[in-house]
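> First the structure, which I've put down as structure tokens, then a few questions once you've had a look.
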Amino acid sequence: MAAILLSPEQRESLPAACPEWTLQHDKLRRELRFDNFMEAFGFMAKVALIAEAMGHHPEWSNVWNRVVIELTTHDLGGLSNLDLELARRIDGLLA
């Protein structure tokens with residue numbers, strides 16, 4: 001799947017498309033809390049497999065039970081369809 005920058009209309013619809021995510025500094029951002037480190041790290045491993053298959057990788061951090069994910073497409077200098085798709089797939093893991 002080729003990366004295509006989101007149109008202004010697509011960006012405006014992000015709150016409806018990804019209600020658990022916020023838009024900060026031209027990145028989709030989500031903070032998650034788990035019961036413990038193992039659950040957080042296990043979740044990150046699942047996301048890593050999806051991201052690698054997509055060839056699109058998140059910016060993220062993990063501190064004990066907290067995972068912070070930020071999505072943007074550096075090659076295009078902003079949000080793309082790949083960020084939106086990865087956010088949806090991450091949400092699917094949590095459903």
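As shown in the structure tokens, the chain order sets the letters A, B, ...; within each chain, residues go from 1, and ligands are also counted from 1 in the order they appear.
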Where in segment 4-79 of chain A does DSSP assign strand (DSSP E or B), given as a ChimeraX atom specification?

/A:5,22-24,27-33,59-63,66-71,73,78

> So that each row is one residue of segment 29-73 of chain A with an atom at most 8 Å from segment 77-83 of chain A, can you give its shortest atom pair and the distance in Å to one decimal, using only C-alpha atoms, rows by chain and rising number, as CSV?


residue,atom,partner,partner_atom,distance
A:His56,CA,A:Leu82,CA,6.9
A:Leu71,CA,A:Asp83,CA,5.6
A:Thr72,CA,A:Leu79,CA,5.0
A:Thr73,CA,A:Gly78,CA,5.4

> Return as a ChimeraX atom specification the full set of residues in segment 5-93 of chain A whose backbone-based DSSP assignment is alpha helix (DSSP H).

/A:8-12,14-17,37-54,81-93

> Would you export the selected residues with C-alpha atoms as a PDB file, in the first residue's frame, please?


ATOM      1  CA  PRO A   8      -8.025  18.261   4.536  1.00  0.00           C
ATOM      2  CA  GLU A   9     -11.440  16.546   4.555  1.00  0.00           C
ATOM      3  CA  GLN A  10      -9.925  13.270   5.786  1.00  0.00           C
ATOM      4  CA  ARG A  11      -8.046  15.118   8.521  1.00  0.00           C
ATOM      5  CA  GLU A  12     -11.279  16.799   9.630  1.00  0.00           C
ATOM      6  CA  LEU A  14     -10.201  11.903  12.094  1.00  0.00           C
ATOM      7  CA  PRO A  15     -12.108  12.384  15.377  1.00  0.00           C
ATOM      8  CA  ALA A  16     -14.968  10.264  14.001  1.00  0.00           C
ATOM      9  CA  ALA A  17     -12.690   7.735  12.284  1.00  0.00           C
ATOM     10  CA  PHE A  37       4.500  -4.460  32.107  1.00  0.00           C
ATOM     11  CA  MET A  38       3.984  -7.899  30.557  1.00  0.00           C
ATOM     12  CA  GLU A  39       0.582  -6.926  29.160  1.00  0.00           C
ATOM     13  CA  ALA A  40       1.950  -3.656  27.806  1.00  0.00           C
ATOM     14  CA  PHE A  41       4.946  -5.326  26.217  1.00  0.00           C
ATOM     15  CA  GLY A  42       2.812  -8.160  24.811  1.00  0.00           C
ATOM     16  CA  PHE A  43       0.552  -5.572  23.182  1.00  0.00           C
ATOM     17  CA  MET A  44       3.591  -3.834  21.700  1.00  0.00           C
ATOM     18  CA  ALA A  45       4.799  -7.132  20.237  1.00  0.00           C
ATOM     19  CA  LYS A  46       1.443  -7.606  18.486  1.00  0.00           C
ATOM     20  CA  VAL A  47       1.559  -4.062  17.098  1.00  0.00           C
ATOM     21  CA  ALA A  48       5.151  -4.620  15.956  1.00  0.00           C
ATOM     22  CA  LEU A  49       4.088  -7.597  13.835  1.00  0.00           C
ATOM     23  CA  ILE A  50       1.321  -5.568  12.183  1.00  0.00           C
ATOM     24  CA  ALA A  51       3.588  -2.564  11.629  1.00  0.00           C
ATOM     25  CA  GLU A  52       6.327  -4.694  10.100  1.00  0.00           C
ATOM     26  CA  ALA A  53       3.853  -6.370   7.741  1.00  0.00           C
ATOM     27  CA  MET A  54       2.630  -2.920   6.667  1.00  0.00           C
ATOM     28  CA  ASN A  81      -3.505   6.702   4.839  1.00  0.00           C
ATOM     29  CA  LEU A  82      -0.946   4.356   6.435  1.00  0.00           C
ATOM     30  CA  ASP A  83      -1.233   6.161   9.771  1.00  0.00           C
ATOM     31  CA  LEU A  84      -5.006   5.893   9.657  1.00  0.00           C
ATOM     32  CA  GLU A  85      -4.852   2.188   8.745  1.00  0.00           C
ATOM     33  CA  LEU A  86      -2.331   1.399  11.476  1.00  0.00           C
ATOM     34  CA  ALA A  87      -4.452   3.264  14.037  1.00  0.00           C
ATOM     35  CA  ARG A  88      -7.481   1.204  12.997  1.00  0.00           C
ATOM     36  CA  ARG A  89      -5.546  -2.049  13.258  1.00  0.00           C
ATOM     37  CA  ILE A  90      -4.227  -1.086  16.695  1.00  0.00           C
ATOM     38  CA  ASP A  91      -7.786  -0.302  17.784  1.00  0.00           C
ATOM     39  CA  GLY A  92      -8.821  -3.729  16.466  1.00  0.00           C
ATOM     40  CA  LEU A  93      -6.309  -5.395  18.787  1.00  0.00           C
TER      41      LEU A  93
END

> Interatomic distance between atom CA of Glu31 of chain A and atom CA of Glu59 of chain A?

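Computed distance, atom CA of Glu31 of chain A to atom CA of Glu59 of chain A, equals 12.0 Å.
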
> When you count only C-alpha atoms, which of these residues is closest to Leu32 of chain A: A:Ala3, A:Glu20, A:Asp75, A:His57?

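Smallest distance to Leu32 of chain A is found for A:Glu20.
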
> Measuring between only C-alpha atoms, which one of A:Phe34, A:Thr22, A:Ser7, A:Ala2 shows the shortest distance to Trp64 of chain A?

A:Phe34

> Of the candidates A:Ile4, A:Leu23, A:Ala95, A:Val63, which one gets nearest to Asn36 of chain A if we count only C-alpha atoms?

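Of A:Ile4, A:Leu23, A:Ala95, A:Val63, the one nearest Asn36 of chain A, counting only C-alpha atoms, is A:Val63.
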
> When distances are computed from only C-alpha atoms, which of A:Pro19, A:Arg29, A:Leu6, A:His74 shows the smallest separation from Ser61 of chain A?

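Nearest candidate to Ser61 of chain A out of A:Pro19, A:Arg29, A:Leu6, A:His74: A:Arg29.
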